[in-house]
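To be precise, the following lines are query-v7.csv, and they hold CSV, C-alpha atoms.
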chain,number,residue,atom,x,y,z
A,18,MET,CA,0.0,0.0,0.0
A,19,LYS,CA,2.8,2.4,1.0
A,20,LYS,CA,4.6,1.6,-2.3
A,21,THR,CA,1.4,2.4,-4.2
A,22,ILE,CA,0.9,5.7,-2.5
A,23,PHE,CA,4.6,6.6,-3.0
A,24,PHE,CA,4.3,5.8,-6.7
A,25,LEU,CA,1.1,8.0,-7.1
A,26,VAL,CA,2.8,10.9,-5.3
A,27,LEU,CA,5.9,10.5,-7.5
A,28,CYS,CA,3.7,10.5,-10.7
A,29,LEU,CA,1.9,13.6,-9.5
A,30,PHE,CA,5.2,15.3,-8.7
A,31,SER,CA,6.5,14.4,-12.1
A,32,ILE,CA,3.4,15.7,-13.9
A,33,SER,CA,3.7,18.9,-11.8
A,34,LEU,CA,7.3,19.4,-12.9
A,35,GLN,CA,6.4,18.9,-16.5
A,36,ALA,CA,3.6,21.4,-16.3
A,37,GLN,CA,5.9,24.0,-14.9
A,38,GLN,CA,8.5,23.7,-17.6
A,39,PRO,CA,8.3,26.9,-19.7
A,40,THR,CA,7.2,26.6,-23.3
A,41,VAL,CA,10.0,27.5,-25.7
A,42,TYR,CA,9.1,30.7,-27.5
A,43,GLN,CA,9.7,31.0,-31.2
A,44,ASP,CA,8.7,34.4,-32.6
A,45,THR,CA,8.2,34.7,-36.3
A,46,ILE,CA,9.1,38.1,-37.6
A,47,PRO,CA,8.4,39.1,-41.2
A,48,PHE,CA,11.0,41.3,-42.9
A,49,ARG,CA,11.3,43.3,-46.0
A,50,ASN,CA,14.5,43.4,-48.0
A,51,ASP,CA,14.7,47.0,-49.4
A,52,LEU,CA,18.3,47.7,-50.6
A,53,GLY,CA,19.1,44.0,-50.2
A,54,ILE,CA,19.2,44.2,-46.4
A,55,ILE,CA,16.8,42.7,-43.8
A,56,ILE,CA,14.4,45.3,-42.2
A,57,ILE,CA,12.2,44.3,-39.3
A,58,PRO,CA,9.7,46.0,-36.9
A,59,MET,CA,10.7,46.8,-33.3
A,60,THR,CA,9.1,49.1,-30.7
A,61,PHE,CA,10.7,51.6,-28.4
A,62,ASN,CA,8.4,52.5,-25.5
A,63,GLY,CA,5.4,51.4,-27.5
A,64,VAL,CA,6.3,53.2,-30.7
A,65,GLU,CA,7.0,51.0,-33.7
A,66,LYS,CA,10.3,51.6,-35.6
A,67,GLN,CA,11.8,49.9,-38.6
A,68,PHE,CA,15.4,48.6,-38.0
A,69,ALA,CA,17.9,46.9,-40.3
A,70,PHE,CA,18.9,43.5,-38.8
A,71,ASP,CA,22.7,43.9,-39.1
A,72,THR,CA,25.1,41.3,-37.9
A,73,GLY,CA,27.9,43.5,-39.1
A,74,ALA,CA,27.0,46.2,-36.6
A,75,GLN,CA,28.6,45.8,-33.1
A,76,VAL,CA,26.2,48.2,-31.5
A,77,THR,CA,22.5,49.1,-32.1
A,78,VAL,CA,22.1,52.6,-33.6
A,79,GLY,CA,19.1,54.9,-34.1
A,80,PHE,CA,18.8,58.0,-36.1
A,81,SER,CA,17.5,61.6,-35.3
A,82,TRP,CA,14.3,60.5,-33.5
A,83,VAL,CA,16.5,59.1,-30.7
A,84,ALA,CA,17.3,62.7,-29.5
A,85,ASP,CA,13.6,63.5,-29.2
A,86,ASP,CA,12.3,60.2,-27.8
A,87,LEU,CA,15.0,58.8,-25.6
A,88,LYS,CA,17.0,59.9,-22.6
A,89,ARG,CA,20.5,61.2,-23.3
A,90,THR,CA,23.5,59.9,-21.4
A,91,SER,CA,27.0,61.4,-20.9
A,92,LYS,CA,28.7,58.4,-22.6
A,93,THR,CA,30.1,58.7,-26.1
A,94,THR,CA,32.2,56.5,-28.4
A,95,ASN,CA,34.0,56.9,-31.6
A,96,VAL,CA,32.6,54.8,-34.5
A,97,ASN,CA,34.7,53.8,-37.5
A,98,SER,CA,32.7,54.2,-40.7
A,99,SER,CA,33.1,52.1,-43.9
A,100,ASN,CA,34.7,55.0,-45.7
A,101,GLY,CA,37.5,55.2,-43.0
A,102,SER,CA,36.2,58.2,-41.1
A,103,ARG,CA,35.7,58.3,-37.4
A,104,THR,CA,32.5,59.8,-35.9
A,105,LYS,CA,31.8,60.5,-32.2
A,106,MET,CA,28.3,59.2,-31.3
A,107,ARG,CA,26.4,59.5,-28.0
A,108,PHE,CA,24.6,56.7,-26.1
A,109,TYR,CA,20.9,57.1,-25.2
A,110,LYS,CA,18.8,55.0,-22.8
A,111,SER,CA,16.5,52.9,-24.9
A,112,GLY,CA,13.7,52.5,-22.4
A,113,THR,CA,11.7,49.4,-23.2
A,114,ILE,CA,12.5,47.7,-26.5
A,115,GLU,CA,10.0,45.0,-27.8
A,116,LEU,CA,11.5,42.6,-30.2
A,117,GLY,CA,8.9,39.9,-31.1
A,118,SER,CA,7.5,38.8,-27.8
A,119,ARG,CA,10.7,39.7,-25.9
A,120,LYS,CA,11.1,42.9,-23.8
A,121,ILE,CA,14.6,44.4,-23.4
A,122,THR,CA,15.2,47.0,-20.7
A,123,LYS,CA,18.1,48.9,-19.2
A,124,HIS,CA,19.9,49.0,-22.6
A,125,LYS,CA,21.6,51.9,-24.4
A,126,ILE,CA,21.8,52.6,-28.1
A,127,LEU,CA,23.9,55.0,-30.2
A,128,LYS,CA,22.5,58.0,-32.1
A,129,ALA,CA,23.6,58.6,-35.7
A,130,ASN,CA,22.8,61.3,-38.1
A,131,ASP,CA,19.9,60.8,-40.6
A,132,SER,CA,20.8,59.7,-44.1
A,133,ASP,CA,19.0,60.1,-47.4
A,134,ILE,CA,19.2,56.5,-48.3
A,135,PHE,CA,17.8,55.2,-44.9
A,136,THR,CA,15.2,57.9,-44.6
A,137,CYS,CA,14.0,57.2,-48.1
A,138,HIS,CA,13.3,53.6,-47.3
A,139,ASN,CA,11.8,54.3,-43.8
A,140,ILE,CA,14.7,52.8,-41.8
A,141,ASP,CA,14.9,54.2,-38.3
A,142,GLY,CA,18.0,52.4,-37.1
A,143,VAL,CA,20.3,49.4,-37.2
A,144,LEU,CA,19.9,46.4,-34.8
A,145,GLY,CA,23.4,45.3,-33.8
A,146,VAL,CA,24.8,42.1,-32.2
A,147,ASP,CA,24.8,43.7,-28.8
A,148,ILE,CA,21.1,42.6,-28.8
A,149,THR,CA,20.9,39.8,-31.4
A,150,GLN,CA,23.6,37.7,-29.8
A,151,HIS,CA,21.2,36.9,-26.9
A,152,PHE,CA,18.9,34.9,-29.3
A,153,ASN,CA,19.1,32.2,-32.0
A,154,TRP,CA,17.9,33.1,-35.4
A,155,THR,CA,16.5,31.3,-38.4
A,156,ILE,CA,16.7,33.6,-41.5
A,157,ASP,CA,14.5,32.4,-44.3
A,158,PHE,CA,15.4,34.5,-47.4
A,159,GLU,CA,12.8,32.8,-49.6
A,160,LYS,CA,9.8,33.4,-47.2
A,161,LYS,CA,11.3,36.6,-45.8
A,162,ILE,CA,10.9,35.7,-42.2
A,163,LEU,CA,13.1,35.7,-39.1
A,164,ILE,CA,12.4,33.1,-36.4
A,165,MET,CA,13.8,34.2,-33.1
A,166,SER,CA,14.3,31.6,-30.3
A,167,PRO,CA,16.3,31.2,-27.1
A,168,SER,CA,20.1,31.1,-27.4
A,169,ASP,CA,20.1,27.5,-26.2
A,170,PHE,CA,17.4,26.2,-28.5
A,171,TYR,CA,18.0,24.4,-31.8
A,172,PRO,CA,15.0,23.7,-34.0
A,173,GLU,CA,14.5,20.3,-35.5
A,174,ALA,CA,15.2,21.7,-39.0
A,175,VAL,CA,18.8,22.3,-38.0
A,176,LYS,CA,19.5,18.5,-38.2
A,177,ASP,CA,19.0,18.7,-42.0
A,178,MET,CA,21.2,21.8,-42.5
A,179,TYR,CA,24.9,22.1,-43.1
A,180,ALA,CA,27.5,23.7,-40.8
A,181,LEU,CA,29.9,26.4,-41.9
A,182,ASP,CA,33.3,27.3,-40.4
A,183,PHE,CA,32.1,30.0,-38.1
A,184,ASP,CA,33.2,32.0,-35.0
A,185,PHE,CA,31.8,34.9,-33.0
A,186,THR,CA,34.5,36.8,-31.2
A,187,SER,CA,34.7,40.4,-30.0
A,188,ASN,CA,31.2,41.0,-31.3
A,189,ARG,CA,32.3,40.1,-34.8
A,190,PRO,CA,30.6,37.1,-36.5
A,191,SER,CA,33.1,35.5,-38.9
A,192,VAL,CA,32.8,32.9,-41.7
A,193,PHE,CA,36.1,31.2,-42.7
A,194,MET,CA,36.4,30.0,-46.3
A,195,GLU,CA,39.4,28.0,-47.6
A,196,MET,CA,40.7,28.9,-51.0
A,197,ASN,CA,44.0,27.6,-52.5
A,198,GLY,CA,45.1,26.4,-49.1
A,199,LYS,CA,44.5,29.8,-47.5
A,200,LYS,CA,41.7,30.7,-45.1
A,201,ILE,CA,39.9,33.9,-45.8
A,202,LYS,CA,38.0,35.5,-42.9
A,203,PHE,CA,34.6,37.1,-44.0
A,204,LEU,CA,32.4,39.2,-41.7
A,205,LEU,CA,28.9,37.8,-41.8
A,206,ASP,CA,27.1,41.0,-42.7
A,207,THR,CA,23.3,40.9,-43.0
A,208,GLY,CA,23.4,44.7,-43.3
A,209,ALA,CA,25.0,44.4,-46.7
A,210,ARG,CA,23.7,43.2,-50.0
A,211,ASP,CA,26.9,42.1,-51.7
A,212,SER,CA,30.1,40.3,-50.7
A,213,ASP,CA,33.6,41.8,-50.7
A,214,ILE,CA,37.3,40.9,-50.3
A,215,ASN,CA,39.7,43.6,-49.2
A,216,LYS,CA,42.6,43.5,-51.7
A,217,THR,CA,45.0,44.9,-49.1
A,218,ALA,CA,44.3,42.0,-46.7
A,219,TYR,CA,44.1,39.2,-49.3
A,220,THR,CA,46.1,39.3,-52.4
A,221,LEU,CA,44.4,37.2,-55.1
A,222,SER,CA,47.4,36.6,-57.4
A,223,SER,CA,45.2,34.3,-59.6
A,224,ILE,CA,42.6,37.0,-60.2
A,225,ASP,CA,43.2,37.0,-64.0
A,226,GLN,CA,42.1,33.4,-64.1
A,227,TYR,CA,38.5,34.2,-63.0
A,228,PRO,CA,35.6,35.9,-64.8
A,229,LYS,CA,35.7,39.5,-63.8
A,230,ALA,CA,34.1,42.9,-64.4
A,231,THR,CA,35.1,46.4,-63.2
A,232,PHE,CA,32.6,48.9,-61.8
A,233,TYR,CA,33.0,52.5,-60.8
A,234,SER,CA,30.4,52.8,-58.1
A,235,GLY,CA,29.8,53.8,-54.5
A,236,PHE,CA,28.2,52.9,-51.2
A,237,TYR,CA,26.5,54.5,-48.2
A,238,ASP,CA,27.8,53.9,-44.6
A,239,VAL,CA,25.7,54.1,-41.4
A,240,ASN,CA,26.1,57.9,-41.4
A,241,GLY,CA,24.7,58.1,-45.0
A,242,THR,CA,28.0,59.2,-46.4
A,243,LEU,CA,28.4,58.3,-50.1
A,244,THR,CA,31.8,56.9,-50.8
A,245,LYS,CA,33.0,56.3,-54.4
A,246,THR,CA,34.5,52.9,-55.1
A,247,TYR,CA,36.5,51.3,-57.9
A,248,ASN,CA,36.0,47.5,-57.6
A,249,THR,CA,36.7,44.5,-59.7
A,250,THR,CA,33.8,42.0,-59.3
A,251,ILE,CA,35.1,38.4,-59.7
A,252,GLN,CA,33.4,35.0,-59.8
A,253,LEU,CA,35.5,32.8,-57.5
A,254,PRO,CA,35.9,29.1,-58.1
A,255,GLU,CA,34.6,26.6,-55.5
A,256,ILE,CA,35.8,27.3,-52.0
A,257,GLN,CA,35.0,25.4,-48.8
A,258,SER,CA,33.6,26.5,-45.5
A,259,GLY,CA,32.9,23.6,-43.1
A,260,SER,CA,30.7,21.1,-44.9
A,261,VAL,CA,29.5,23.7,-47.5
A,262,THR,CA,30.9,24.4,-50.9
A,263,ILE,CA,30.5,28.0,-52.0
A,264,ILE,CA,30.9,29.6,-55.4
A,265,PRO,CA,30.7,33.4,-54.6
A,266,GLU,CA,30.8,36.6,-56.6
A,267,VAL,CA,32.7,39.2,-54.7
A,268,ASP,CA,33.9,42.8,-55.1
A,269,TYR,CA,37.7,42.9,-54.9
A,270,GLY,CA,38.6,46.4,-53.7
A,271,ASN,CA,39.1,48.6,-50.6
A,272,GLN,CA,36.0,47.7,-48.6
A,273,SER,CA,36.1,45.3,-45.7
A,274,THR,CA,36.0,41.5,-46.3
A,275,LYS,CA,32.4,40.4,-45.8
A,276,ILE,CA,29.5,38.2,-47.0
A,277,GLY,CA,26.3,40.0,-48.0
A,278,ASN,CA,22.8,38.7,-48.3
A,279,SER,CA,22.9,38.1,-52.1
A,280,LEU,CA,24.9,34.9,-51.4
A,281,TRP,CA,22.0,33.4,-49.5
A,282,LYS,CA,19.2,34.2,-52.0
A,283,GLY,CA,16.4,31.6,-51.6
A,284,LYS,CA,18.2,29.8,-48.8
A,285,ARG,CA,17.7,29.4,-45.0
A,286,LEU,CA,20.3,30.2,-42.4
A,287,PHE,CA,20.4,29.2,-38.7
A,288,LEU,CA,22.6,31.5,-36.6
A,289,SER,CA,23.6,31.1,-33.0
A,290,LEU,CA,26.1,33.8,-32.1
A,291,LYS,CA,26.6,32.7,-28.5
A,292,ASN,CA,27.3,29.1,-29.5
A,293,ASP,CA,29.5,29.9,-32.6
A,294,LYS,CA,27.1,28.2,-34.9
A,295,LEU,CA,26.0,28.9,-38.5
A,296,TYR,CA,24.1,26.5,-40.7
A,297,VAL,CA,22.7,26.8,-44.2
A,298,SER,CA,20.0,24.8,-45.9
A,299,ASP,CA,22.0,23.7,-48.9
A,300,THR,CA,25.4,21.9,-49.2
A,301,THR,CA,26.3,23.9,-52.3
A,302,ILE,CA,25.8,27.7,-52.6
A,303,LYS,CA,26.3,29.5,-55.9
A,304,ASN,CA,26.0,33.3,-56.1
A,305,ASP,CA,24.5,34.7,-59.3
A,306,SER,CA,24.2,38.5,-59.1
A,307,TRP,CA,22.3,40.8,-61.5
A,308,SER,CA,23.2,44.4,-62.3
A,309,TYR,CA,22.7,47.4,-64.6
A,310,ASP,CA,25.9,48.5,-66.4
A,311,CYS,CA,24.9,52.1,-65.6
A,312,ALA,CA,22.7,53.7,-62.8
A,313,ALA,CA,21.9,57.2,-61.5
A,314,VAL,CA,21.8,59.2,-58.3
A,315,ILE,CA,20.8,62.8,-57.4
A,316,LYS,CA,23.7,65.2,-56.7
A,317,GLU,CA,23.0,68.8,-56.0
A,318,GLY,CA,19.5,68.5,-57.4
A,319,ARG,CA,20.6,67.0,-60.7
A,320,MET,CA,20.7,63.4,-62.0
A,321,VAL,CA,24.2,62.0,-62.5
A,322,VAL,CA,25.8,58.7,-63.3
A,323,PHE,CA,26.5,56.9,-60.0
A,324,ARG,CA,27.5,53.4,-61.3
A,325,ILE,CA,29.2,52.5,-64.6
A,326,LYS,CA,30.7,49.2,-65.8
A,327,GLU,CA,34.0,49.6,-67.5
A,328,GLY,CA,33.9,48.2,-71.0
A,329,SER,CA,30.1,48.3,-71.3
A,330,ASP,CA,28.2,49.8,-74.2
A,331,ALA,CA,27.6,52.9,-72.1
A,332,TRP,CA,31.3,53.1,-71.3
A,333,LYS,CA,32.3,52.7,-75.0
A,334,GLN,CA,30.0,55.6,-75.8
A,335,GLY,CA,32.1,57.7,-73.4
A,336,ILE,CA,29.7,57.7,-70.4
A,337,ARG,CA,31.6,58.2,-67.1
A,338,GLN,CA,30.7,58.4,-63.4
A,339,GLY,CA,29.4,62.0,-62.6
A,340,ASP,CA,28.0,62.6,-66.1
A,341,ILE,CA,24.8,64.6,-66.1
A,342,ILE,CA,21.5,62.9,-67.1
A,343,THR,CA,18.7,65.1,-68.4
A,344,SER,CA,16.0,62.4,-68.9
A,345,PHE,CA,15.5,59.0,-67.1
A,346,ASN,CA,12.9,56.9,-68.8
A,347,GLY,CA,11.4,60.1,-70.1
A,348,LYS,CA,11.2,61.6,-66.6
A,349,THR,CA,13.2,64.3,-64.8
A,350,PHE,CA,14.0,63.8,-61.1
A,351,THR,CA,15.4,66.3,-58.6
A,352,ASP,CA,14.7,64.5,-55.4
A,353,PHE,CA,17.1,61.7,-54.2
A,354,CYS,CA,14.4,59.5,-52.7
A,355,THR,CA,12.0,59.7,-55.6
A,356,LEU,CA,14.7,58.6,-58.1
A,357,ASN,CA,16.1,56.0,-55.8
A,358,LYS,CA,12.7,54.3,-55.2
A,359,TYR,CA,11.9,54.5,-58.9
A,360,GLN,CA,15.2,52.7,-59.8
A,361,VAL,CA,14.6,50.1,-57.1
A,362,LYS,CA,11.2,49.4,-58.5
A,363,LEU,CA,12.5,49.1,-62.1
A,364,SER,CA,15.3,46.8,-60.8
A,365,LYS,CA,12.9,44.4,-59.1
A,366,GLU,CA,10.9,44.2,-62.3
A,367,LYS,CA,14.0,44.0,-64.4
A,368,LYS,CA,12.8,46.9,-66.6
A,369,ASP,CA,15.2,48.8,-68.9
A,370,LEU,CA,16.7,52.2,-68.1
A,371,LYS,CA,16.5,54.7,-71.0
A,372,LEU,CA,19.0,57.6,-70.3
A,373,VAL,CA,19.5,60.8,-72.1
A,374,PHE,CA,22.6,62.9,-71.3
A,375,GLU,CA,23.4,66.6,-71.3
A,376,ASN,CA,25.7,66.1,-74.3
A,377,GLY,CA,22.8,64.6,-76.3
A,378,LYS,CA,23.8,60.9,-76.1
A,379,GLN,CA,21.1,58.3,-75.5
A,380,ILE,CA,21.5,54.8,-74.1
A,381,THR,CA,19.3,51.9,-73.1
A,382,VAL,CA,20.5,49.8,-70.2
A,383,GLN,CA,19.3,46.3,-69.4
A,384,LYS,CA,19.5,44.4,-66.1
A,385,LYS,CA,21.5,41.2,-66.6
A,386,GLN,CA,23.7,38.7,-64.9
A,387,VAL,CA,27.1,40.0,-64.2
A,388,PHE,CA,28.6,36.6,-65.3
A,389,ILE,CA,27.0,34.0,-67.5
A,390,THR,CA,28.4,30.7,-66.4
A,391,PRO,CA,27.3,27.2,-67.2
As structure tokens:
Amino acid sequence: MKKTIFFLVLCLFSISLQAQQPTVYQDTIPFRNDLGIIIIPMTFNGVEKQFAFDTGAQVTVGFSWVADDLKRTSKTTNVNSSNGSRTKMRFYKSGTIELGSRKITKHKILKANDSDIFTCHNIDGVLGVDITQHFNWTIDFEKKILIMSPSDFYPEAVKDMYALDFDFTSNRPSVFMEMNGKKIKFLLDTGARDSDINKTAYTLSSIDQYPKATFYSGFYDVNGTLTKTYNTTIQLPEIQSGSVTIIPEVDYGNQSTKIGNSLWKGKRLFLSLKNDKLYVSDTTIKNDSWSYDCAAVIKEGRMVVFRIKEGSDAWKQGIRQGDIITSFNGKTFTDFCTLNKYQVKLSKEKKDLKLVFENGKQITVQKKQVFITP
């Protein structure tokens, strides 16, 4: 009898323990990918903002609204921009941040200046790894969703994914790829569209063996500063990272060595920063990028050539970066945002660009693959 009573008590105690175990939360957060980056909703003290999910950012940053909505602190820091400049930024108390179902309090974020490019696409800030490292993330680039879960939780789907050579140290997530017996260290940068290799850090002596194209272009850093670039885009051969074979297209120039989102198009990633884990849904990843040979931007109220491919039809007609455009698909633009959104729309639809220049020259530019490979 005593044994029976003890068994019943033990069963009830076991059931009680099971009932008290917390349910593992998994928040599904939809994202949009304007500019090729991941943009998600967050709230600050009950007000929704749109933030870029950026594993390349060490600290979370907000723009001008921060000075009006959050409490200033006396703490500042110097931030190195992608163009090599240093900017002093101030920390502000963030109040209560809501990310999915999670609430984050007693945190501080930096304030940066507004920029044309982020303001145009309604981006209020950049979510850095100071916050994202406390969660695990499934990034589905096909369905455009993030799934956020506890840092010690691994979904069943991870069993069918493939591990990359990955490390998270000093708030920098790094993917290592072996090429010709040498390991190249890439920053995993979900705040970037394209991938880069810094030619100062890594000398690719065999570059002439690979398909390549040269672009005069530029990029915007977190401060919205437009920096001109001169990069050679190359199609690398198969390189290895963990159990994954990757055939990437990279810009070989002066920017930092990083992997952008275009490499993962249509794939799923599982990222656990605290546990140094990165998995991808496919064992072989091939990067196929599309581009226009010529594109425009507004400078001082006028349309000018922002991007031009060396050797293209436009280049052979004498078109160069900075040349003035008088008509863009029969329209005239004087506002940065209006032109930028129009070009993004045309790019998504793969529509042609018809440009008329101040010197009377006219060209039609098609969006096409940078490299046509079998």
As a list in words, please: the residues near range 336-339 of chain A (cut-off 7 Å, only C-alpha atoms, same-chain neighbours under 5 positions excluded). Tyr233, Val321, Val322, Phe323, Arg324, Ile325 and Ala331 of chain A
Kindly save the residues from that selection, with C-alpha atoms included, as a JSON list (two decimals), keeping the file's coordinate frame.
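Contents of again36.json, as written:
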[["chain", "number", "residue", "atom", "x", "y", "z"],
["A", 233, "TYR", "CA", 33.00, 52.50, -60.80],
["A", 321, "VAL", "CA", 24.20, 62.00, -62.50],
["A", 322, "VAL", "CA", 25.80, 58.70, -63.30],
["A", 323, "PHE", "CA", 26.50, 56.90, -60.00],
["A", 324, "ARG", "CA", 27.50, 53.40, -61.30],
["A", 325, "ILE", "CA", 29.20, 52.50, -64.60],
["A", 331, "ALA", "CA", 27.60, 52.90, -72.10]]
Between CA of Val41 in chain A and CA of Ser166 in chain A, distance in Å (one decimal): 7.5 Å
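Between Gly117 in chain A and the residues A:Gly335, A:Gly142, A:Pro58, A:Gly73, the shortest atom-to-atom distance, using only C-alpha atoms, involves A:Pro58.
Proximity of A:Asn271, A:Thr93, A:Gln150, A:Ser364 to Lys245 in chain A, computed with all atoms listed in the file, is greatest for A:Asn271.
Shortest separation to Ile134 in chain A among A:Lys358, A:Tyr309, A:Pro47, A:Gly270 occurs at residue A:Lys358, atoms counted being only C-alpha atoms.
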Please measure the separation of CA of Asn197 in chain A and CA of Gln272 in chain A, giving the value in Å to one decimal. 22.0 Å
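Counting all atoms listed in the file and comparing A:Ile380, A:Thr77, A:Lys161, A:Gln257, the residue that lies closest to Lys333 in chain A is A:Ile380.
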Place a sphere of radius 12 Å on (24.0, 41.9, -42.3) in the file coordinates and name every protein, DNA or RNA residue with an atom inside or on its surface, counting all atoms listed in the file; give the answer as a PyMOL selection string. chain A and resi 50+52-56+68-75+143-146+149+156+189-191+203-212+275-281+288
Considering all atoms listed in the file, tabulate each residue of range 126-187 of chain A that lies at most 9 Å from range 354-357 of chain A along with its nearest interatomic pair and the corresponding distance in Å to one decimal; arrange the rows by chain and ascending residue number and present them as CSV.
residue,atom,partner,partner_atom,distance
A:Asp133,CA,A:Cys354,CA,7.0
A:Ile134,CA,A:Cys354,CA,7.2
A:Thr136,CA,A:Cys354,CA,8.3
A:Cys137,CA,A:Cys354,CA,5.2
A:His138,CA,A:Cys354,CA,8.1
For a quick check of understanding, using only C-alpha atoms, which of A:Ile162, A:Ile341, A:Ile57, A:Ala218 has the smallest distance to Gln379 in chain A?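 Distance minimum relative to Gln379 in chain A lands on A:Ile341.
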So which residues touch Phe152 in chain A within 10 Å, counting all atoms listed in the file, skipping near sequence neighbours fewer than 3 positions away, as a ChimeraX atom specification? /A:146,148-149,164-170,288-291
Considering all atoms listed in the file, state which residue in the set A:Ser344, A:Ser308, A:Ser298, A:Gln43 is at the smallest distance from Lys367 in chain A.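 Nearest to Lys367 in chain A: A:Ser308.
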Near-Gly63 in chain A list (10 Å; only C-alpha atoms; drop same-chain fewer than 2 positions) as a list in words: Met59, Thr60, Phe61, Glu65, Lys66, Gly112, Thr113, Ile114 and Glu115 of chain A
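The space separating CA of Phe135 in chain A from CA of Val387 in chain A comes to 26.3 Å.
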List the spatial neighbours of Tyr179 in chain A as number ranges by chain - criterion: any atom at most 7 Å away, all atoms listed in the file, same-chain residues fewer than 6 positions off excluded. A: 260-261, 296-300
Requested write-out: C-alpha atoms of the selected residues, as a CSV table (one decimal), in the frame of the given file:
chain,number,residue,atom,x,y,z
A,260,SER,CA,30.7,21.1,-44.9
A,261,VAL,CA,29.5,23.7,-47.5
A,296,TYR,CA,24.1,26.5,-40.7
A,297,VAL,CA,22.7,26.8,-44.2
A,298,SER,CA,20.0,24.8,-45.9
A,299,ASP,CA,22.0,23.7,-48.9
A,300,THR,CA,25.4,21.9,-49.2
Exercise: Ile214 in chain A partners within 12 Å, all atoms listed in the file, chain neighbours under 5 positions left out, as a PDB file with C-alpha atoms, keeping the file's coordinate frame:
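Saved file out.pdb follows:
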ATOM      1  CA  MET A 194      36.400  30.000 -46.300  1.00  0.00           C
ATOM      2  CA  ILE A 201      39.900  33.900 -45.800  1.00  0.00           C
ATOM      3  CA  LYS A 202      38.000  35.500 -42.900  1.00  0.00           C
ATOM      4  CA  PHE A 203      34.600  37.100 -44.000  1.00  0.00           C
ATOM      5  CA  LEU A 204      32.400  39.200 -41.700  1.00  0.00           C
ATOM      6  CA  TYR A 219      44.100  39.200 -49.300  1.00  0.00           C
ATOM      7  CA  THR A 220      46.100  39.300 -52.400  1.00  0.00           C
ATOM      8  CA  LEU A 221      44.400  37.200 -55.100  1.00  0.00           C
ATOM      9  CA  ILE A 224      42.600  37.000 -60.200  1.00  0.00           C
ATOM     10  CA  ASN A 248      36.000  47.500 -57.600  1.00  0.00           C
ATOM     11  CA  THR A 249      36.700  44.500 -59.700  1.00  0.00           C
ATOM     12  CA  THR A 250      33.800  42.000 -59.300  1.00  0.00           C
ATOM     13  CA  ILE A 251      35.100  38.400 -59.700  1.00  0.00           C
ATOM     14  CA  GLN A 252      33.400  35.000 -59.800  1.00  0.00           C
ATOM     15  CA  LEU A 253      35.500  32.800 -57.500  1.00  0.00           C
ATOM     16  CA  PRO A 265      30.700  33.400 -54.600  1.00  0.00           C
ATOM     17  CA  GLU A 266      30.800  36.600 -56.600  1.00  0.00           C
ATOM     18  CA  VAL A 267      32.700  39.200 -54.700  1.00  0.00           C
ATOM     19  CA  ASP A 268      33.900  42.800 -55.100  1.00  0.00           C
ATOM     20  CA  TYR A 269      37.700  42.900 -54.900  1.00  0.00           C
ATOM     21  CA  GLY A 270      38.600  46.400 -53.700  1.00  0.00           C
ATOM     22  CA  ASN A 271      39.100  48.600 -50.600  1.00  0.00           C
ATOM     23  CA  GLN A 272      36.000  47.700 -48.600  1.00  0.00           C
ATOM     24  CA  SER A 273      36.100  45.300 -45.700  1.00  0.00           C
ATOM     25  CA  THR A 274      36.000  41.500 -46.300  1.00  0.00           C
ATOM     26  CA  LYS A 275      32.400  40.400 -45.800  1.00  0.00           C
ATOM     27  CA  ILE A 276      29.500  38.200 -47.000  1.00  0.00           C
ATOM     28  CA  GLY A 277      26.300  40.000 -48.000  1.00  0.00           C
TER      29      GLY A 277
END
